[in-house]
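One structure is given here, and the rest of the page talks about it.
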Protein chains: 2
Amino acid sequence: MRLRSDGPVKAGSLRDGLPSAPQAEELVDILMEGPGMRLERIVSTGQTTNDDEWYDQAWDEFVVLVAGAARLQLEGEEEDRALEAGDWMLLPAHCRHRVTWTQSDPPTVWLAIHYEDSLSRREAEGRSEA
Amino acid sequence: MRLRSDGPVKAGSLRDGLPSAPQAEELVDILMEGPGMRLERIVSTGQTTNDDEWYDQAWDEFVVLVAGAARLQLEGEEEDRALEAGDWMLLPAHCRHRVTWTQSDPPTVWLAIHYEDSLSRREAEGRSEA
C-alpha cells in the first residue's frame, strides 16, 4: 500500500519530488521543527559553499548523506572528506566547514538536524539532565 | 579518502557494523543526544512489537527507513503501512503505533529522532518562538 499523509501523522519519502535536472538553488524542506531543533531535507544539484565562505553555526548539526555524493572541508584539515550514501557527521557548534562539491545528477540528498543545546537553555530550564 | 573520527567531529556510516545474521535484539546506537532530543540508529533483523503492546510516547518521533523494509501499524488504521528505504513518518506524541514486521536479511536500518517539545519547556525558556 502507499504511504498516506492524512490524519495526525505526516509521512513521505526522502526521494519525493527530486528534480530531474540541476536547479539554480538547493531545495530545502523542513520535515520537523520546534524550539532548538530543525530537521531538513536538502537536495543539492552541484551547489557548493562560496570560495571565501565558511559555515560557522552557534548550534550543533548532524548531517547524513541519503543519496548522491559530496565533499566537505573542515577548517584546519588539508584534505576534503568524501561522503557517500549513509555517511554521517556530527559537526559541533562553531566547527567551521564548507561544502566543496556535490553530485548534481542524480541529485544529492541530505538530512540535516540543527540542534541547539546551549548552557543558557539548560539554565533557563533549571535542570541539569535531559 | 576514508572518513575519520579524530578531532572534534564524530563521523561514520549508517551501514557501519551491520550484523551478518539476525540478532536476538535490535541494535541501538545513539548518534546525538541532548536535553529533549535523542538521535538513534536502530538495526532490526525481524524484531516486531509484541502482539498486545503499543508504543505510546510522551514526545514526538521522526523515523526514516534507511535500508531494508518494515511494516508499521497506527492505532485506528485497519491496514499496516509499508515502509521502504527513504520513507519517513512523523509520529506525534501519544500517537500509538506498533512495528508489525521488519526485514531480517539484509537487515533493516532506521534513523529515529525523539524530540520533546513540551509547553513547559517553552514556558521555562520564557519565549514563544524557536
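Following the order of the C-alpha cells, chains are lettered A, B, ..., residues in each are numbered from 1, and ligands are numbered from 1.
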
Report as JSON lines the residues of range 33-101 of chain B within 12 Å of range 56-65 of chain A, each with its shortest atom pair and distance in Å (one decimal), using only C-alpha atoms, ordered by chain and increasing residue number.
{"residue": "B:Glu33", "atom": "CA", "partner": "A:Asp60", "partner_atom": "CA", "distance": 10.5}
{"residue": "B:Gly34", "atom": "CA", "partner": "A:Asp60", "partner_atom": "CA", "distance": 10.3}
{"residue": "B:Arg38", "atom": "CA", "partner": "A:Phe62", "partner_atom": "CA", "distance": 11.5}
{"residue": "B:Leu39", "atom": "CA", "partner": "A:Phe62", "partner_atom": "CA", "distance": 9.3}
{"residue": "B:Glu40", "atom": "CA", "partner": "A:Phe62", "partner_atom": "CA", "distance": 11.7}
{"residue": "B:Arg41", "atom": "CA", "partner": "A:Val64", "partner_atom": "CA", "distance": 11.7}
{"residue": "B:Val66", "atom": "CA", "partner": "A:Leu65", "partner_atom": "CA", "distance": 10.6}
{"residue": "B:Gly86", "atom": "CA", "partner": "A:Leu65", "partner_atom": "CA", "distance": 11.7}

Output the selection as a compact mmCIF listing (two decimals), in the first residue's frame - N, CA, C and O atoms for each residue.
# COMPACT_ATOMS: atom_id res chain seq x y z
N GLU B 33 22.76 13.35 21.18
CA GLU B 33 21.85 13.39 22.32
C GLU B 33 22.02 14.68 23.09
O GLU B 33 23.13 15.18 23.22
N GLY B 34 20.92 15.22 23.56
CA GLY B 34 20.95 16.40 24.40
C GLY B 34 19.61 16.56 25.06
O GLY B 34 18.70 15.75 24.83
N ARG B 38 17.09 12.99 21.14
CA ARG B 38 17.99 11.84 21.01
C ARG B 38 17.86 11.29 19.59
O ARG B 38 16.74 11.08 19.10
N LEU B 39 19.00 11.09 18.95
CA LEU B 39 19.03 10.53 17.60
C LEU B 39 19.62 9.13 17.68
O LEU B 39 20.72 8.95 18.19
N GLU B 40 18.89 8.15 17.16
CA GLU B 40 19.33 6.76 17.23
C GLU B 40 19.40 6.13 15.84
O GLU B 40 18.56 6.41 14.99
N ARG B 41 20.39 5.27 15.66
CA ARG B 41 20.33 4.31 14.58
C ARG B 41 19.86 2.99 15.16
O ARG B 41 20.41 2.51 16.14
N VAL B 66 16.19 3.66 6.45
CA VAL B 66 17.41 3.89 5.68
C VAL B 66 17.65 2.73 4.72
O VAL B 66 18.09 2.91 3.59
N GLY B 86 13.96 5.23 2.44
CA GLY B 86 13.64 6.62 2.15
C GLY B 86 12.33 7.07 2.75
O GLY B 86 12.10 8.28 2.88

Distance filter 6 Å, only C-alpha atoms, chain B against chain A, as an MDAnalysis selection string: chainID B and resid 9:14 35:36 86:91 124:125 130

Residue among A:Leu72, A:Leu18, A:Val43, A:Leu27 lying closest to His97 in chain A, counting only C-alpha atoms: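 Nearest candidate to His97 in chain A out of A:Leu72, A:Leu18, A:Val43, A:Leu27: A:Leu72.
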
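The residue that comes closest to Val109 in chain B, out of B:Gly17, B:Ser44, B:Ala70, B:Asp29 and on the basis of only C-alpha atoms, is B:Ser44.
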
Filtered DSSP result for chain A, state strand (DSSP E or B), as a PyMOL selection string: chain A and resi 10-13+27-34+37-44+55+60-67+69-74+81-84+87-91+97-102+108-115

Non-local contacts of Gln103 in chain B (6 Å; only C-alpha atoms; under 6 positions in same chain excluded) as JSON, numbers by chain: {"B": [46, 68, 69]}

Take the residues from that selection and write them out as a CSV table (one decimal), in the first residue's frame, keeping N, CA and C atoms.
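The resulting result-v6.csv:
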chain,number,residue,atom,x,y,z
B,46,GLY,N,14.2,-8.6,11.9
B,46,GLY,CA,13.0,-9.4,12.1
B,46,GLY,C,12.2,-9.0,13.4
B,68,GLY,N,16.4,-1.7,4.0
B,68,GLY,CA,15.5,-2.8,4.4
B,68,GLY,C,14.1,-2.5,4.1
B,69,ALA,N,13.2,-3.1,4.9
B,69,ALA,CA,11.8,-2.8,4.7
B,69,ALA,C,11.1,-3.2,6.1
